[in-house]
file start00.txt (compact mmCIF, C-alpha atoms)
# COMPACT_ATOMS: atom_id res chain seq x y z
CA MET M 1 -83.38 72.99 11.19
CA ASP M 2 -84.59 71.11 14.25
CA GLU M 3 -84.24 73.47 17.23
CA TYR M 4 -84.13 70.52 19.60
CA PHE M 5 -80.97 69.32 17.85
CA LEU M 6 -79.37 72.72 18.49
CA ILE M 7 -80.40 72.65 22.14
CA LEU M 8 -79.11 69.10 22.65
CA THR M 9 -75.83 69.95 20.94
CA ALA M 10 -75.43 73.01 23.19
CA ILE M 11 -76.00 70.78 26.23
CA ASP M 12 -73.61 68.24 24.75
CA VAL M 13 -70.83 70.83 24.34
CA GLY M 14 -71.56 72.25 27.80
CA VAL M 15 -71.12 68.82 29.39
CA LEU M 16 -67.84 68.32 27.52
CA LEU M 17 -66.52 71.71 28.68
CA PHE M 18 -67.46 70.81 32.26
CA MET M 19 -65.60 67.50 31.88
CA CYS M 20 -62.56 69.41 30.62
CA MET M 21 -62.61 71.59 33.75
CA MET M 22 -63.01 68.52 35.94
CA VAL M 23 -60.05 66.80 34.27
CA TYR M 24 -57.90 69.93 34.51
CA ALA M 25 -58.64 70.28 38.25
CA SER M 26 -58.10 66.58 39.02
CA GLU M 27 -55.18 65.62 41.26
CA ASN M 28 -55.69 61.89 40.72
CA LEU M 29 -54.82 61.86 37.02
CA SER M 30 -51.28 61.95 35.64
CA ASP M 31 -50.33 64.62 33.11
CA ARG M 32 -50.54 62.01 30.35
CA GLN M 33 -54.04 60.99 31.37
CA LYS M 34 -55.15 64.63 31.66
CA ARG M 35 -53.88 65.45 28.18
CA GLY M 36 -55.57 62.38 26.76
CA PHE M 37 -58.99 63.10 28.25
CA LEU M 38 -58.77 66.81 27.37
CA LYS M 39 -57.96 65.97 23.74
CA THR M 40 -60.83 63.48 23.64
CA PHE M 41 -63.44 65.85 25.08
CA VAL M 42 -62.32 68.78 22.90
CA LEU M 43 -62.34 66.52 19.82
CA ILE M 44 -65.89 65.31 20.54
CA ALA M 45 -67.07 68.89 21.08
CA ALA M 46 -65.45 69.99 17.80
CA ILE M 47 -67.06 67.16 15.82
CA SER M 48 -70.44 67.88 17.44
CA ILE M 49 -70.17 71.51 16.31
CA LEU M 50 -69.09 70.38 12.83
CA GLU M 51 -72.22 68.25 12.62
CA VAL M 52 -74.36 71.29 13.42
CA VAL M 53 -72.62 73.27 10.66
CA THR M 54 -73.21 70.47 8.13
CA VAL M 55 -76.92 70.52 8.94
CA VAL M 56 -77.09 74.34 8.73
CA VAL M 57 -75.31 74.65 5.37
CA ASP M 58 -76.86 71.61 3.69
CA LYS M 59 -79.18 72.76 0.86
CA ALA M 60 -78.21 76.36 1.57
CA PRO M 61 -77.24 78.58 -1.40
CA ALA M 62 -74.63 76.95 -3.65
CA GLN M 63 -71.97 79.43 -2.54
CA TYR M 64 -71.75 77.44 0.74
CA ARG M 65 -71.01 74.14 -1.01
CA TRP M 66 -67.30 74.37 -0.08
CA LEU M 67 -68.22 74.70 3.60
CA ASN M 68 -70.58 71.73 3.35
CA LEU M 69 -67.77 69.62 1.84
CA LEU M 70 -65.19 70.79 4.38
CA THR M 71 -67.26 70.25 7.52
CA ASN M 72 -68.46 66.83 6.38
CA TYR M 73 -64.91 65.83 5.49
CA LEU M 74 -63.52 66.93 8.87
CA GLY M 75 -66.33 65.15 10.72
CA PHE M 76 -65.84 61.87 8.83
CA ALA M 77 -62.04 62.12 9.06
CA LEU M 78 -61.82 62.91 12.78
CA THR M 79 -64.44 60.43 14.03
CA PRO M 80 -62.12 57.37 14.28
CA ALA M 81 -59.59 59.49 16.23
CA VAL M 82 -61.83 59.57 19.32
CA PRO M 83 -61.32 55.88 20.25
CA LEU M 84 -57.61 56.18 19.37
CA CYS M 85 -57.22 59.02 21.90
CA LEU M 86 -58.87 56.92 24.61
CA VAL M 87 -56.64 53.91 23.84
CA HIS M 88 -53.58 56.16 24.23
CA ILE M 89 -54.75 57.14 27.73
CA LEU M 90 -54.96 53.51 28.84
CA ASP M 91 -51.44 52.45 27.90
CA LYS M 92 -49.44 53.84 30.85
CA GLN M 93 -46.40 51.62 30.24
CA GLY M 94 -46.19 52.01 26.47
CA LYS M 95 -46.53 48.27 25.85
CA GLY M 96 -49.12 48.75 23.10
CA ARG M 97 -47.16 51.44 21.27
CA SER M 98 -46.55 49.39 18.11
CA ILE M 99 -50.24 48.51 17.81
CA ARG M 100 -51.22 52.15 18.35
CA ARG M 101 -48.79 53.24 15.65
CA SER M 102 -50.29 50.71 13.23
CA ALA M 103 -53.77 52.01 14.05
CA ALA M 104 -52.59 55.59 13.51
CA VAL M 105 -51.11 54.65 10.12
CA ILE M 106 -54.41 53.05 9.07
CA TRP M 107 -56.28 56.16 10.21
CA PHE M 108 -53.90 58.43 8.27
CA GLY M 109 -54.37 56.27 5.16
CA TYR M 110 -58.13 56.57 5.60
CA ILE M 111 -57.86 60.38 5.84
CA VAL M 112 -55.83 60.54 2.62
CA PHE M 113 -58.25 58.21 0.84
CA LEU M 114 -61.22 60.27 2.05
CA ALA M 115 -59.63 63.49 0.74
CA ALA M 116 -58.82 61.88 -2.62
CA SER M 117 -62.40 60.61 -2.96
CA LEU M 118 -64.03 64.04 -2.52
CA PRO M 119 -64.10 64.99 -6.23
CA PHE M 120 -65.77 61.67 -7.07
CA GLY M 121 -68.25 61.37 -4.18
CA THR M 122 -66.95 57.87 -3.43
CA VAL M 123 -67.72 57.96 0.31
CA PHE M 124 -69.89 61.08 0.40
CA GLY M 125 -70.40 64.12 -1.76
CA VAL M 126 -72.22 67.41 -2.19
CA GLU M 127 -74.21 68.08 -5.35
CA ALA M 128 -73.85 71.29 -7.35
CA ASP M 129 -76.99 72.59 -5.63
CA ASN M 130 -75.28 72.02 -2.24
CA SER M 131 -77.18 68.83 -1.31
CA TYR M 132 -75.28 66.24 0.71
CA PHE M 133 -75.41 62.57 -0.38
CA ARG M 134 -73.85 59.28 0.70
CA GLY M 135 -71.55 57.70 -1.85
CA GLU M 136 -71.38 54.15 -3.14
CA TYR M 137 -68.58 53.31 -0.69
CA PHE M 138 -70.00 55.07 2.36
CA HIS M 139 -69.58 51.74 4.17
CA ILE M 140 -65.80 52.40 4.28
CA TYR M 141 -66.44 55.14 6.83
CA VAL M 142 -68.82 52.87 8.75
CA VAL M 143 -66.23 50.06 8.85
CA MET M 144 -63.49 52.45 10.03
CA TYR M 145 -65.74 53.80 12.76
CA PHE M 146 -66.86 50.37 13.98
CA MET M 147 -63.31 48.99 13.86
CA SER M 148 -62.03 51.89 15.97
CA ILE M 149 -64.74 51.20 18.57
CA LEU M 150 -63.87 47.50 18.57
CA TYR M 151 -60.18 48.41 19.01
CA LEU M 152 -61.07 50.56 22.02
CA ALA M 153 -63.19 47.79 23.56
CA VAL M 154 -60.46 45.15 23.13
CA ALA M 155 -57.70 47.49 24.35
CA THR M 156 -59.76 48.46 27.42
CA SER M 157 -60.48 44.83 28.22
CA ALA M 158 -56.78 43.97 27.89
CA SER M 159 -55.81 46.90 30.15
CA ALA M 160 -58.41 45.82 32.70
CA ILE M 161 -56.72 42.42 32.85
CA VAL M 162 -53.33 44.08 33.41
CA TYR M 163 -54.85 46.26 36.14
CA GLN M 164 -56.66 43.23 37.65
CA ASN M 165 -59.99 44.99 37.23
CA LYS M 166 -62.95 42.67 37.78
CA SER M 167 -65.48 44.78 35.88
CA LYS M 168 -63.79 44.58 32.46
CA ILE M 169 -66.93 42.99 31.01
CA LEU M 170 -68.74 46.33 31.49
CA ILE M 171 -66.87 47.93 28.60
CA PHE M 172 -68.75 45.82 26.04
CA PRO M 173 -72.26 47.02 27.01
CA LEU M 174 -70.90 50.60 26.84
CA MET M 175 -69.57 50.06 23.33
CA GLY M 176 -72.79 48.25 22.38
CA PHE M 177 -74.84 51.26 23.44
CA LEU M 178 -72.62 53.51 21.33
CA LEU M 179 -72.99 51.25 18.31
CA LEU M 180 -76.76 51.20 18.74
CA GLY M 181 -76.92 55.00 18.73
CA THR M 182 -74.75 55.07 15.61
CA ILE M 183 -76.87 52.49 13.81
CA VAL M 184 -79.98 54.56 14.53
CA GLN M 185 -78.41 57.60 12.85
CA LEU M 186 -77.17 55.52 9.91
CA ALA M 187 -80.68 54.19 9.37
CA PHE M 188 -82.40 57.52 10.02
CA PRO M 189 -79.99 60.35 9.01
CA ASN M 190 -82.31 63.05 10.32
CA ILE M 191 -82.10 61.66 13.87
CA HIS M 192 -78.77 62.96 15.17
CA THR M 193 -77.95 60.54 17.99
CA THR M 194 -74.34 59.54 17.39
CA TRP M 195 -72.45 62.35 19.10
CA LEU M 196 -74.86 62.61 21.97
CA CYS M 197 -74.16 58.90 22.57
CA VAL M 198 -70.42 59.49 22.19
CA THR M 199 -70.53 62.26 24.81
CA LEU M 200 -72.45 60.09 27.24
CA ILE M 201 -70.11 57.15 26.68
CA SER M 202 -67.01 59.34 27.07
CA VAL M 203 -68.27 60.57 30.47
CA LEU M 204 -69.07 57.01 31.57
CA TYR M 205 -65.69 55.89 30.25
CA TYR M 206 -63.97 58.57 32.32
CA ILE M 207 -65.81 57.28 35.41
CA TYR M 208 -64.92 53.68 34.53
CA CYS M 209 -61.21 54.46 34.13
CA ASN M 210 -61.07 56.47 37.35
CA GLU M 211 -62.70 53.63 39.25
CA MET M 212 -60.19 51.19 37.76
CA TRP M 213 -57.16 53.38 38.53
CA ASN M 214 -58.34 54.22 42.07
CA GLN M 215 -57.98 50.56 42.98
CA LEU M 216 -54.28 50.56 42.12
CA ASP M 217 -51.11 51.26 44.06
CA GLY M 218 -49.45 54.21 42.36
CA LEU M 219 -45.90 52.81 42.49
CA THR M 220 -46.26 49.15 41.58
CA GLY M 221 -49.55 48.98 39.67
CA LEU M 222 -50.80 46.20 41.95
CA LEU M 223 -54.13 46.50 43.74
CA ASN M 224 -53.79 48.80 46.74
CA GLN M 225 -54.38 48.29 50.45
CA ALA M 226 -57.90 49.73 50.28
CA SER M 227 -58.78 47.14 47.63
CA TYR M 228 -57.40 44.40 49.87
CA LEU M 229 -59.39 45.61 52.89
CA ASN M 230 -62.58 45.80 50.82
CA ARG M 231 -61.92 42.35 49.39
CA THR M 232 -61.36 40.77 52.80
CA SER M 233 -64.06 42.64 54.72
CA ALA M 234 -66.39 39.67 54.19
CA ALA M 235 -65.73 36.01 53.47
CA ARG M 236 -65.85 35.07 49.78
CA SER M 237 -66.28 31.51 48.63
CA GLY M 238 -63.83 31.97 45.75
CA ASP M 239 -60.89 32.99 47.97
CA LYS M 240 -58.90 29.88 48.86
CA VAL M 241 -55.35 30.85 49.91
CA LEU M 242 -53.71 33.97 51.33
CA ILE M 243 -50.02 34.37 50.44
CA VAL M 244 -47.93 37.11 52.07
CA PHE M 245 -44.59 38.39 50.74
CA ASP M 246 -41.81 40.40 52.32
CA VAL M 247 -38.76 41.83 50.52
CA ASP M 248 -35.65 40.67 52.37
CA LYS M 249 -33.32 43.35 53.80
CA PHE M 250 -35.26 46.10 52.10
CA LYS M 251 -34.22 48.76 54.63
CA GLN M 252 -30.61 47.92 53.87
CA ILE M 253 -31.33 48.32 50.13
CA ASN M 254 -32.80 51.79 50.72
CA ASP M 255 -29.93 52.82 53.00
CA THR M 256 -27.25 51.56 50.60
CA TYR M 257 -28.62 52.47 47.16
CA GLY M 258 -31.27 55.09 47.93
CA HIS M 259 -35.05 55.17 47.89
CA LEU M 260 -35.33 55.57 44.11
CA TYR M 261 -33.49 52.30 43.62
CA GLY M 262 -35.65 50.76 46.35
CA ASP M 263 -38.75 51.83 44.44
CA ARG M 264 -37.34 50.23 41.30
CA CYS M 265 -36.85 46.97 43.21
CA LEU M 266 -40.45 47.05 44.45
CA LYS M 267 -41.68 47.57 40.88
CA GLU M 268 -39.67 44.61 39.60
CA VAL M 269 -40.89 42.36 42.41
CA ALA M 270 -44.47 43.47 41.69
CA ASP M 271 -44.07 42.71 37.97
CA CYS M 272 -42.87 39.19 38.75
CA MET M 273 -45.72 38.69 41.20
CA LYS M 274 -48.36 39.88 38.74
CA THR M 275 -46.99 37.68 35.95
CA ALA M 276 -46.92 34.58 38.14
CA TYR M 277 -50.12 34.98 40.17
CA ALA M 278 -52.59 37.39 38.52
CA ARG M 279 -54.17 34.69 36.34
CA TYR M 280 -55.32 32.83 39.44
CA GLY M 281 -55.88 35.57 42.02
CA GLY M 282 -55.52 39.18 43.07
CA CYS M 283 -52.11 40.73 43.77
CA TYR M 284 -51.94 43.52 46.37
CA ARG M 285 -49.37 45.88 47.82
CA MET M 286 -50.09 46.24 51.51
CA GLY M 287 -47.61 49.08 52.00
CA GLY M 288 -43.84 49.45 52.14
CA ASP M 289 -42.25 46.19 51.04
CA GLU M 290 -45.20 43.99 52.03
CA PHE M 291 -47.32 42.29 49.37
CA CYS M 292 -49.96 39.61 49.33
CA VAL M 293 -51.92 37.45 46.93
CA ILE M 294 -55.42 36.08 47.40
CA LEU M 295 -55.43 32.90 45.36
CA ARG M 296 -58.62 31.41 43.94
CA ASN M 297 -57.12 28.08 42.93
CA GLU M 298 -55.07 26.44 45.67
CA ASP M 299 -53.85 23.76 43.24
CA LYS M 300 -51.87 26.46 41.42
CA GLU M 301 -50.00 27.70 44.49
CA ALA M 302 -46.86 25.61 43.98
CA SER M 303 -46.54 26.27 40.24
CA CYS M 304 -47.14 30.00 40.74
CA ALA M 305 -44.49 30.15 43.47
CA GLU M 306 -42.03 28.32 41.23
CA GLU M 307 -42.70 30.75 38.36
CA PHE M 308 -42.40 33.74 40.70
CA LEU M 309 -39.00 32.64 42.04
CA HIS M 310 -37.80 31.84 38.52
CA LEU M 311 -38.80 35.30 37.28
CA LEU M 312 -37.00 36.92 40.21
CA GLU M 313 -33.85 34.99 39.43
CA GLU M 314 -34.01 36.10 35.80
CA LYS M 315 -34.41 39.71 36.95
CA ARG M 316 -31.48 39.27 39.31
CA LYS M 317 -29.20 38.32 36.40
CA GLU M 318 -29.81 41.79 34.96
CA ASN M 319 -29.91 43.50 38.36
CA PRO M 320 -27.65 41.65 40.85
CA GLN M 321 -28.65 43.92 43.75
CA LEU M 322 -32.31 42.95 43.44
CA PRO M 323 -33.24 41.53 46.86
CA THR M 324 -34.75 38.12 47.49
CA VAL M 325 -38.34 37.76 48.64
CA SER M 326 -39.71 35.59 51.45
CA TYR M 327 -43.28 34.33 51.42
CA GLY M 328 -45.70 32.21 53.37
CA SER M 329 -49.24 31.03 52.81
CA ALA M 330 -52.31 29.95 54.75
CA THR M 331 -55.58 28.40 53.66
CA ILE M 332 -58.53 30.74 54.10
CA ARG M 333 -60.86 28.87 56.45
CA LYS M 334 -64.57 29.38 56.36
CA GLY M 335 -65.71 31.72 59.14
CA GLU M 336 -62.14 32.63 60.14
CA ASN M 337 -61.22 36.30 60.49
CA ILE M 338 -58.81 37.32 57.74
CA LEU M 339 -56.44 38.76 60.36
CA THR M 340 -56.10 35.30 61.87
CA THR M 341 -55.43 33.86 58.43
CA LYS M 342 -52.78 36.51 57.83
CA GLU M 343 -51.09 35.73 61.16
CA ARG M 344 -50.77 32.09 60.13
CA ALA M 345 -49.40 33.12 56.72
CA ASP M 346 -46.91 35.48 58.42
CA GLN M 347 -45.71 32.68 60.69
CA ASN M 348 -45.10 30.46 57.68
CA MET M 349 -43.26 33.31 55.97
CA TYR M 350 -40.95 33.73 58.98
CA VAL M 351 -40.22 30.00 58.86
CA PHE M 352 -39.33 30.39 55.17
CA LYS M 353 -37.16 33.44 55.94
CA LYS M 354 -35.33 31.62 58.75
CA ALA M 355 -34.69 28.59 56.57
CA ARG M 356 -33.30 30.82 53.81
CA LYS M 357 -30.94 32.56 56.24
CA GLU M 358 -29.69 29.21 57.54
CA GLN M 359 -29.14 28.01 53.97
CA GLU M 360 -27.23 31.17 53.07
CA ALA M 361 -25.09 30.76 56.20
CA LEU M 362 -24.26 27.16 55.27
CA GLU M 363 -23.33 28.19 51.73
CA LEU M 364 -21.13 31.00 53.08
CA ASN M 365 -19.36 28.63 55.47
CA SER M 366 -18.73 26.07 52.76
CA VAL M 367 -17.19 28.73 50.55
CA SER M 368 -14.91 30.02 53.36
CA ASP M 369 -13.77 26.46 54.16

call {"tool": "encode", "arguments": {"input": "start00.txt", "output": "structure tokens"}}
result
Amino acid sequence: MDEYFLILTAIDVGVLLFMCMMVYASENLSDRQKRGFLKTFVLIAAISILEVVTVVVDKAPAQYRWLNLLTNYLGFALTPAVPLCLVHILDKQGKGRSIRRSAAVIWFGYIVFLAASLPFGTVFGVEADNSYFRGEYFHIYVVMYFMSILYLAVATSASAIVYQNKSKILIFPLMGFLLLGTIVQLAFPNIHTTWLCVTLISVLYYIYCNEMWNQLDGLTGLLNQASYLNRTSAARSGDKVLIVFDVDKFKQINDTYGHLYGDRCLKEVADCMKTAYARYGGCYRMGGDEFCVILRNEDKEASCAEEFLHLLEEKRKENPQLPTVSYGSATIRKGENILTTKERADQNMYVFKKARKEQEALELNSVSD
């Protein structure tokens, strides 16, 4: 057996154990995210060790044939579960639950099929002299593995859109590197590169997800104030319009219904904002009940505002106490300090707020008359 393979696997498992300790000690990850990453790292370490066992027992005395079959089966069966664990981590709101369940059902069916094929060597087998061989339908495992990686790449890209992450394209080179390492091992079975690549990718994926989540406001899921300050620290040619939002009478909402209900209102306002504006710009929570949008396409401002107000009204039918939202916008002028732009947007928002109050007063008077 290649001693370098043993050394690399030991390093591989050591890195994964260190990642487990880092995840366990993290205060930035939720319990769900911690459990997901811990399961992923432990699973990769287990499969890496299984691969070592398969190499050790292959062509050993025939009495170890059962162990050769078992370790190969577990390795082939558990491999597609690694991307599934990572997809589970991404879905914080449970919106992809039905797709994940379908993927889990397919994986379970694959496990059953793999177990049923063992006596026939359909996917893989072990000869009577304890020699491993690839079966006629070994490509079924390859397809399952590649499809699980593709699922992870698509799910990560979709989550990056939801989280307004600009570097979503980076996930595809990561997956491409993993596929390349796998293809090398498929073509040259004696070169054990797959799980070393998986370990490296899992560490990079952890870094990628942390970077993505660190840009977000914990309550609303919008981009946070630090992201806004970084975005506006220098003029960008793609930024056309700054829109500021303020939740009307929010202090009164907190005082009347409590802060938990106030948080719920902020989440609902943020959801409407993201749905209406995120396709054309970045949505930020500045703090408290203040939000803003940096719009890339000024031609879409009116239609986005109309959609935003419509969504709020639909929410208000289900939740009558949901407050209204005032907003104002200002064109981002070349060379102008963003604080000056924001002052102009704030002034326009106060004009909007005053006009709304006057309209509400007129409606109230007409009702009383």

call {"tool": "atom_distance", "arguments": {"input": "start00.txt", "atom1": "CA of Gln225 (chain M)", "atom2": "CA of Leu152 (chain M)"}}
result
29.3 Å

call {"tool": "residues_around", "arguments": {"input": "start00.txt", "residues": "region 22-38 of chain M", "least_positions_apart": "2", "cutoff": "8 Å", "atoms": "all atoms listed in the file", "output": "list in words"}}
result
Phe18, Met19, Cys20, Thr40, Phe41, Val42, Cys85, Leu86, His88, Ile89, Leu90 and Tyr206 of chain M

call {"tool": "residues_around", "arguments": {"input": "start00.txt", "residues": "Val247 (chain M)", "least_positions_apart": "5", "cutoff": "8 Å", "atoms": "only C-alpha atoms", "output": "list of chain:residue names"}}
result
M:Asp289, M:Glu290, M:Pro323, M:Thr324, M:Val325, M:Ser326

call {"tool": "write_last_selection", "arguments": {"input": "start00.txt", "atoms": "C-alpha atoms", "output": "JSON list (two decimals), in the coordinates of the input"}}
result
[["chain", "number", "residue", "atom", "x", "y", "z"],
["M", 289, "ASP", "CA", -42.25, 46.19, 51.04],
["M", 290, "GLU", "CA", -45.20, 43.99, 52.03],
["M", 323, "PRO", "CA", -33.24, 41.53, 46.86],
["M", 324, "THR", "CA", -34.75, 38.12, 47.49],
["M", 325, "VAL", "CA", -38.34, 37.76, 48.64],
["M", 326, "SER", "CA", -39.71, 35.59, 51.45]]

call {"tool": "atom_distance", "arguments": {"input": "start00.txt", "atom1": "CA of Leu174 (chain M)", "atom2": "CA of Tyr145 (chain M)"}}
result
15.3 Å

call {"tool": "atom_distance", "arguments": {"input": "start00.txt", "atom1": "CA of Lys300 (chain M)", "atom2": "CA of Tyr277 (chain M)"}}
result
8.8 Å

call {"tool": "closest_residue", "arguments": {"input": "start00.txt", "among": "M:Asp129, M:Ala226, M:Trp195, M:Ile161", "to": "Leu8 (chain M)", "atoms": "only C-alpha atoms"}}
result
M:Trp195

call {"tool": "closest_residue", "arguments": {"input": "start00.txt", "among": "M:Met212, M:Val15, M:Val126, M:Ala302", "to": "Val57 (chain M)", "atoms": "all atoms listed in the file"}}
result
M:Val126

call {"tool": "decode", "arguments": {"input": "start00.txt", "residues": "region 182-199 of chain M", "atoms": "N, CA, C and O atoms", "output": "short mmCIF file (atom, residue, chain, number, x, y, z; two decimals), in the first residue's frame"}}
result
data_model
loop_
_atom_site.label_atom_id
_atom_site.label_comp_id
_atom_site.auth_asym_id
_atom_site.auth_seq_id
_atom_site.Cartn_x
_atom_site.Cartn_y
_atom_site.Cartn_z
N THR M 182 -12.32 13.92 -9.15
CA THR M 182 -13.04 12.65 -9.23
C THR M 182 -12.75 11.93 -10.54
O THR M 182 -12.55 10.71 -10.56
N ILE M 183 -12.74 12.68 -11.62
CA ILE M 183 -12.48 12.09 -12.94
C ILE M 183 -11.09 11.47 -12.99
O ILE M 183 -10.89 10.39 -13.57
N VAL M 184 -10.13 12.14 -12.34
CA VAL M 184 -8.77 11.59 -12.30
C VAL M 184 -8.76 10.22 -11.62
O VAL M 184 -8.15 9.27 -12.11
N GLN M 185 -9.50 10.10 -10.49
CA GLN M 185 -9.52 8.82 -9.80
C GLN M 185 -10.30 7.77 -10.59
O GLN M 185 -9.95 6.59 -10.55
N LEU M 186 -11.36 8.19 -11.30
CA LEU M 186 -12.10 7.23 -12.11
C LEU M 186 -11.23 6.68 -13.24
O LEU M 186 -11.29 5.49 -13.57
N ALA M 187 -10.41 7.56 -13.81
CA ALA M 187 -9.54 7.13 -14.91
C ALA M 187 -8.33 6.36 -14.40
O ALA M 187 -7.87 5.42 -15.07
N PHE M 188 -7.83 6.73 -13.23
CA PHE M 188 -6.65 6.08 -12.67
C PHE M 188 -6.97 5.66 -11.22
O PHE M 188 -6.68 6.40 -10.28
N PRO M 189 -7.58 4.47 -11.04
CA PRO M 189 -8.07 4.05 -9.71
C PRO M 189 -7.01 4.05 -8.63
O PRO M 189 -7.33 4.17 -7.44
N ASN M 190 -5.75 3.88 -9.01
CA ASN M 190 -4.70 3.83 -7.99
C ASN M 190 -4.31 5.21 -7.46
O ASN M 190 -3.57 5.32 -6.49
N ILE M 191 -4.78 6.27 -8.13
CA ILE M 191 -4.51 7.63 -7.66
C ILE M 191 -5.71 8.10 -6.85
O ILE M 191 -6.75 8.45 -7.40
N HIS M 192 -5.59 8.11 -5.55
CA HIS M 192 -6.73 8.40 -4.67
C HIS M 192 -6.81 9.91 -4.41
O HIS M 192 -6.25 10.42 -3.43
N THR M 193 -7.53 10.59 -5.29
CA THR M 193 -7.62 12.07 -5.20
C THR M 193 -8.99 12.56 -4.75
O THR M 193 -9.11 13.69 -4.27
N THR M 194 -10.02 11.72 -4.90
CA THR M 194 -11.39 12.21 -4.72
C THR M 194 -11.61 12.82 -3.34
O THR M 194 -12.05 13.98 -3.22
N TRP M 195 -11.31 12.09 -2.27
CA TRP M 195 -11.68 12.57 -0.94
C TRP M 195 -10.75 13.64 -0.41
O TRP M 195 -11.13 14.44 0.44
N LEU M 196 -9.54 13.70 -0.95
CA LEU M 196 -8.70 14.85 -0.65
C LEU M 196 -9.31 16.11 -1.25
O LEU M 196 -9.34 17.18 -0.63
N CYS M 197 -9.82 15.98 -2.49
CA CYS M 197 -10.49 17.12 -3.14
C CYS M 197 -11.77 17.49 -2.39
O CYS M 197 -12.06 18.68 -2.21
N VAL M 198 -12.52 16.48 -1.95
CA VAL M 198 -13.76 16.75 -1.21
C VAL M 198 -13.46 17.50 0.08
O VAL M 198 -14.17 18.45 0.44
N THR M 199 -12.41 17.10 0.79
CA THR M 199 -12.03 17.80 2.02
C THR M 199 -11.67 19.25 1.74
O THR M 199 -12.12 20.17 2.44
#
